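Here the structure comes first, spelled out in structure tokens, and everything after it is commentary.
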Amino acid sequence: MEFKYPSRVSLAHLPTPIEEMNYHGKDFKINLYVKRDDLTECGASGNKVRKLEFLFAEAKEKGADTIITCGGVQSNHARVTALFCARLGYKAILVLRGEKPKEYDGNLFLDMLLGSDIRYITRNEWPCRDSIMERIGKELAKTSHTPYIIPEGASNPLGSAGYIFAIEEIKNQLLEKNIRIDYIVCSTGSGGTQAGLLMGSKLFMPEAKIIGFSVCDNEKYFKAKIRELIAGAEKKFNHDFFIKDEDITIVDGYMGRGYAVSRIEELELIHDVARRTGIILDPVYTGKAFYGLLEEIRKGRFGKNSSILFLHTGGIYGLFPKKSEFIFDRQAL
Ligand SMILES: *Cc1c(COP(=O)(O)O)cnc(C)c1O
């Protein structure tokens, strides 16, 4: 049965390039490529752009004038949402976990610049974020506004369609370049990207194995989360993807000191990759996933001469609040 995409607004600059990545690849006897989804958009860089193409289409169909979403103070997703709200003429309300800082940096600075309405909530309130967003929505509806609520990370079944779409794009690019890929590797923070990649691979690239490196929770949590997202997508898109439990691969040993907390070796790797390749990884997601990927290559998880496509999911603005943690006069790796 042919898969039919839900409606989509075009927001990303597509296709994003696939480039060879000459970083230790030859030493390891691995062919390493990178899918540059950090280049989906400049201010709106990263993977949330593809998810939001589908969510903003639904918001429009529902006649919304205000978008409400949530995340951490340095949420990439909130910043991307704020940018598209400015571009498409919606009011953006961002419910952010954390205190109002003295200085605005990174993503939060851009949220401000883009004119979003920011509501800070505490860590204790965070588990109730969905009901907080609903309450804000109900208040707005009383003043004849039409709100549309986007969950954390745009990770719902509809958002995951963005990465089904991405796999179709990757398949066509690889055909054109005559490259075969054995593994697609991503960082997994809420599971929406990996769920989309898995569904997409069933449709377009059954030969590629999808591997997610967890940056927050463990394997058990993400397997359940991704299963749930896929089940929701199967219902929403009226399509069965036949994804088995063993198709969902989560590598969970690389969270390091915890979500959004960096180890010095992760920051050193980000520095080294930047110096040697010009590719800028982020401290919260892609830096940890890439660190884990290199470790797993060293341990021999991937067969000799296999080809790996690393999905660069963006996050560059998350580097700026971390700048004081980088040590630049240390010897190169
Ligand atoms: C949100 C995000 C991820 C994780 O994607 P999920 O779909 O939430 O798993 C990875 N990298 C970056 C830079 C992100 O902003």
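By order in the structure tokens, chains are A, B, ...; within a chain, residues start at 1; ligands start at 1, following the order shown.
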Contact check, range 262-301 of chain A to range 32-51 of chain A, at most 10 Å, counting only C-alpha atoms, closest pairs as CSV:
```
residue,atom,partner,partner_atom,distance
A:Ile279,CA,A:Arg36,CA,9.2
A:Ile280,CA,A:Asp38,CA,8.9
A:Leu281,CA,A:Asp38,CA,9.0
```
Write a file of the just-selected residues containing C-alpha atoms, as an mmCIF file, in the first residue's frame.
```cif
data_model
loop_
_atom_site.group_PDB
_atom_site.id
_atom_site.type_symbol
_atom_site.label_atom_id
_atom_site.label_comp_id
_atom_site.auth_asym_id
_atom_site.auth_seq_id
_atom_site.Cartn_x
_atom_site.Cartn_y
_atom_site.Cartn_z
ATOM 1 C CA ILE A 279 31.298 20.748 11.195
ATOM 2 C CA ILE A 280 29.894 22.189 14.403
ATOM 3 C CA LEU A 281 28.274 19.683 16.727
#
```
- Tell me, as an MDAnalysis selection string, which residues lie within 12 Å of Glu58 in chain A, counting only C-alpha atoms; anything in the same chain fewer than 3 positions away does not count. chainID A and resid 6:9 51:55 61:65 67 147:150 158:159
- Message: Distance limit 9 Å, reference ligand 1, atoms considered: only C-alpha atoms and all ligand atoms. Which residues make the cut? Give them as an MDAnalysis selection string.
- Response: chainID A and resid 38 45:48 51 75:77 152:155 159:160 186:196 212 214:215 281:286 289 311:316 318
- Restricting to only C-alpha atoms, whichever of A:Gln74, A:Asn22, A:Gln173, A:Asn156 is closest to Lys236 in chain A is A:Asn156
- Task: Would you mind writing down, as a PyMOL selection string, each residue of range 88-154 of chain A that DSSP on the backbone assigns to alpha helix (DSSP H)?
- Result: chain A and resi 88+106-113+129-142
- Could you please write out, as a PyMOL selection string, every residue of range 261-311 of chain A that DSSP assigns to strand (DSSP E or B)? chain A and resi 307-311
Go ahead and write the residues just picked, N, CA, C and O atoms, as a PDB file, in the first residue's frame.
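Listed below is the output, part35.pdb:
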```
ATOM      1  N   SER A 307      29.300   1.385   5.892  1.00  0.00           N
ATOM      2  CA  SER A 307      29.057   2.800   5.637  1.00  0.00           C
ATOM      3  C   SER A 307      28.015   3.326   6.601  1.00  0.00           C
ATOM      4  O   SER A 307      26.930   2.754   6.737  1.00  0.00           O
ATOM      5  N   ILE A 308      28.393   4.410   7.272  1.00  0.00           N
ATOM      6  CA  ILE A 308      27.520   4.987   8.303  1.00  0.00           C
ATOM      7  C   ILE A 308      27.141   6.409   7.893  1.00  0.00           C
ATOM      8  O   ILE A 308      27.999   7.195   7.499  1.00  0.00           O
ATOM      9  N   LEU A 309      25.856   6.706   7.995  1.00  0.00           N
ATOM     10  CA  LEU A 309      25.387   8.080   7.764  1.00  0.00           C
ATOM     11  C   LEU A 309      24.999   8.670   9.117  1.00  0.00           C
ATOM     12  O   LEU A 309      24.056   8.185   9.768  1.00  0.00           O
ATOM     13  N   PHE A 310      25.736   9.678   9.547  1.00  0.00           N
ATOM     14  CA  PHE A 310      25.428  10.347  10.816  1.00  0.00           C
ATOM     15  C   PHE A 310      24.472  11.504  10.530  1.00  0.00           C
ATOM     16  O   PHE A 310      24.768  12.367   9.708  1.00  0.00           O
ATOM     17  N   LEU A 311      23.331  11.491  11.195  1.00  0.00           N
ATOM     18  CA  LEU A 311      22.354  12.558  10.985  1.00  0.00           C
ATOM     19  C   LEU A 311      22.694  13.726  11.907  1.00  0.00           C
ATOM     20  O   LEU A 311      22.602  13.604  13.141  1.00  0.00           O
TER      21      LEU A 311
END
```
Skipping near chain neighbours, those fewer than 3 positions away, what residues fall within 9 Å of Glu99 in chain A using only C-alpha atoms, listed as a compact mmCIF listing (two decimals) with C-alpha atoms, in the first residue's frame?
```
# COMPACT_ATOMS: atom_id res chain seq x y z
CA VAL A 73 15.23 27.39 28.55
CA LEU A 96 10.09 27.14 29.29
CA TYR A 120 8.87 30.38 32.77
CA ILE A 121 7.84 27.36 34.83
CA THR A 122 9.77 25.56 37.57
```
- Using only C-alpha atoms, pick whichever of A:His145, A:Leu198, A:Gly115, A:Asp182 has the shortest atom-to-atom distance to Phe165 in chain A.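 When distances to Phe165 in chain A are compared using only C-alpha atoms, the smallest one comes from A:Leu198.
Between Thr66 in chain A and the residues A:Leu140, A:Ala78, A:Leu83, A:Ile181, the shortest atom-to-atom distance, using only C-alpha atoms, involves A:Leu140.
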- Message: Just the number, please: distance in Å from CA of Cys128 in chain A to CA of Glu228 in chain A, one decimal.
- Response: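 If I compute the distance from CA of Cys128 in chain A to CA of Glu228 in chain A, I get 19.9 Å.
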- Task: Please measure the separation of CA of Ser306 in chain A and CA of Lys29 in chain A, giving the value in Å to one decimal.
- Result: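 Answer for the CA of Ser306 in chain A to CA of Lys29 in chain A separation: 7.8 Å.
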- Item | Contacts of Gly258 in chain A at 10 Å (only C-alpha atoms; same-chain gap of 2+ positions) as an NGL selection string | :A and (215-217 or 254-256 or 260-263 or 284)
- Task: Name all residues at most 9 Å from Asn305 in chain A (count only C-alpha atoms; drop same-chain ones fewer than 3 positions away) and give them as JSON, numbers by chain.
- Result: {"A": [28, 29, 30, 31, 302]}
